[in-house]
file start31.cif (mmCIF, C-alpha atoms, pLDDT in the B column; chains and numbers go by the auth columns)
data_model
loop_
_atom_site.group_PDB
_atom_site.id
_atom_site.type_symbol
_atom_site.label_atom_id
_atom_site.label_comp_id
_atom_site.label_asym_id
_atom_site.label_seq_id
_atom_site.Cartn_x
_atom_site.Cartn_y
_atom_site.Cartn_z
_atom_site.B_iso_or_equiv
_atom_site.auth_seq_id
_atom_site.auth_asym_id
ATOM 1 C CA LEU A 1 -9.958 -3.157 -8.702 93.00 25 L
ATOM 2 C CA GLY A 2 -10.286 0.543 -8.009 97.00 26 L
ATOM 3 C CA MET A 3 -6.597 1.174 -8.611 97.00 27 L
ATOM 4 C CA MET A 4 -6.730 -0.657 -11.942 98.00 28 L
ATOM 5 C CA ARG A 5 -9.773 1.386 -12.992 98.00 29 L
ATOM 6 C CA ASP A 6 -7.949 4.586 -12.036 98.00 30 L
ATOM 7 C CA ILE A 7 -4.881 3.576 -14.051 98.00 31 L
ATOM 8 C CA THR A 8 -7.080 2.731 -17.032 98.00 32 L
ATOM 9 C CA GLN A 9 -8.834 6.085 -16.856 99.00 33 L
ATOM 10 C CA ALA A 10 -5.496 7.911 -16.526 99.00 34 L
ATOM 11 C CA LEU A 11 -4.243 6.237 -19.706 98.00 35 L
ATOM 12 C CA VAL A 12 -7.479 6.997 -21.532 99.00 36 L
ATOM 13 C CA LYS A 13 -7.325 10.642 -20.441 99.00 37 L
ATOM 14 C CA ASN A 14 -3.607 11.277 -20.961 99.00 38 L
ATOM 15 C CA LEU A 15 -2.856 9.094 -23.975 98.00 39 L
ATOM 16 C CA GLY A 16 -6.190 9.269 -25.730 98.00 40 L
ATOM 17 C CA VAL A 17 -6.476 5.503 -26.061 98.00 41 L
ATOM 18 C CA ASP A 18 -9.697 3.519 -25.895 99.00 42 L
ATOM 19 C CA ALA A 19 -10.291 1.826 -22.543 99.00 43 L
ATOM 20 C CA ASP A 20 -10.649 -1.508 -24.344 99.00 44 L
ATOM 21 C CA ALA A 21 -7.043 -1.154 -25.537 98.00 45 L
ATOM 22 C CA VAL A 22 -5.704 -0.924 -21.973 98.00 46 L
ATOM 23 C CA VAL A 23 -4.631 -4.076 -20.152 98.00 47 L
ATOM 24 C CA ILE A 24 -3.658 -3.783 -16.496 98.00 48 L
ATOM 25 C CA GLN A 25 -1.973 -6.744 -14.828 97.00 49 L
ATOM 26 C CA ILE A 26 -0.573 -6.855 -11.312 95.00 50 L
ATOM 27 C CA ASN A 27 2.213 -9.372 -10.863 93.00 51 L
ATOM 28 C CA GLU A 28 3.084 -10.256 -7.311 94.00 52 L
ATOM 29 C CA ALA A 29 6.388 -11.955 -6.632 95.00 53 L
ATOM 30 C CA PRO A 30 8.385 -12.850 -3.535 95.00 54 L
ATOM 31 C CA LEU A 31 11.027 -10.333 -2.472 93.00 55 L
ATOM 32 C CA HIS A 32 13.836 -12.698 -3.459 93.00 56 L
ATOM 33 C CA HIS A 33 12.572 -12.501 -7.064 96.00 57 L
ATOM 34 C CA LYS A 34 12.924 -8.695 -7.193 96.00 58 L
ATOM 35 C CA MET A 35 16.081 -6.592 -7.418 97.00 59 L
ATOM 36 C CA LYS A 36 16.999 -2.955 -7.168 97.00 60 L
ATOM 37 C CA GLY A 37 20.522 -1.648 -7.620 97.00 61 L
ATOM 38 C CA GLY A 38 21.849 -5.160 -8.221 97.00 62 L
ATOM 39 C CA LYS A 39 20.643 -6.514 -4.862 97.00 63 L
ATOM 40 C CA SER A 40 17.530 -8.517 -4.099 96.00 64 L
ATOM 41 C CA PHE A 41 15.030 -6.939 -1.744 96.00 65 L
ATOM 42 C CA VAL A 42 15.883 -9.673 0.775 96.00 66 L
ATOM 43 C CA GLU A 43 19.557 -8.627 0.619 96.00 67 L
ATOM 44 C CA ARG A 44 18.585 -4.963 0.905 96.00 68 L
ATOM 45 C CA ALA A 45 16.421 -5.643 3.968 96.00 69 L
ATOM 46 C CA ALA A 46 19.221 -7.627 5.628 96.00 70 L
ATOM 47 C CA ALA A 47 21.718 -4.828 4.968 96.00 71 L
ATOM 48 C CA ALA A 48 19.320 -2.226 6.388 97.00 72 L
ATOM 49 C CA LYS A 49 19.029 -4.166 9.665 95.00 73 L
ATOM 50 C CA LYS A 50 22.801 -4.014 10.266 89.00 74 L
#
call {"tool": "encode", "arguments": {"input": "start31.cif", "output": "structure tokens"}}
result
Amino acid sequence: LGMMRDITQALVKNLGVDADAVVIQINEAPLHHKMKGGKSFVERAAAAKK
């Protein structure tokens, strides 16, 4: 919760928006549902172990 409050306050301070206009949502997903550079994080981890 603290991180979400900090993000909200940063947006209020830097963008001048009202805190009630800020929505923070954290989406957690398994590593095989995330990609970077065209490879899933599972593929990246496997390649790093080689």
call {"tool": "resolve_selection", "arguments": {"input": "start31.cif", "expression": "the PyMOL selection byres ((chain L and resi 29-35) around 12)", "output": "list in words"}}
result
Leu25, Gly26, Met27, Met28, Val36, Lys37, Asn38, Leu39, Gly40, Val41, Asp42, Ala43, Asp44, Ala45, Val46, Val47, Ile48, Gln49 and Ile50 of chain L
call {"tool": "axis_aligned_box", "arguments": {"input": "start31.cif", "around": "range 31-34 of chain L", "padding_each_side": "6 Å", "output": "lines of an AutoDock Vina configuration file"}}
result
center_x = -6.9
center_y = 5.3
center_z = -15.5
size_x = 16.0
size_y = 17.2
size_z = 15.0
call {"tool": "atom_distance", "arguments": {"input": "start31.cif", "atom1": "CA of Ala53 in chain L", "atom2": "CA of Lys74 in chain L"}}
result
24.9 Å
call {"tool": "atom_distance", "arguments": {"input": "start31.cif", "atom1": "CA of Glu52 in chain L", "atom2": "CA of Glu67 in chain L"}}
result
18.4 Å
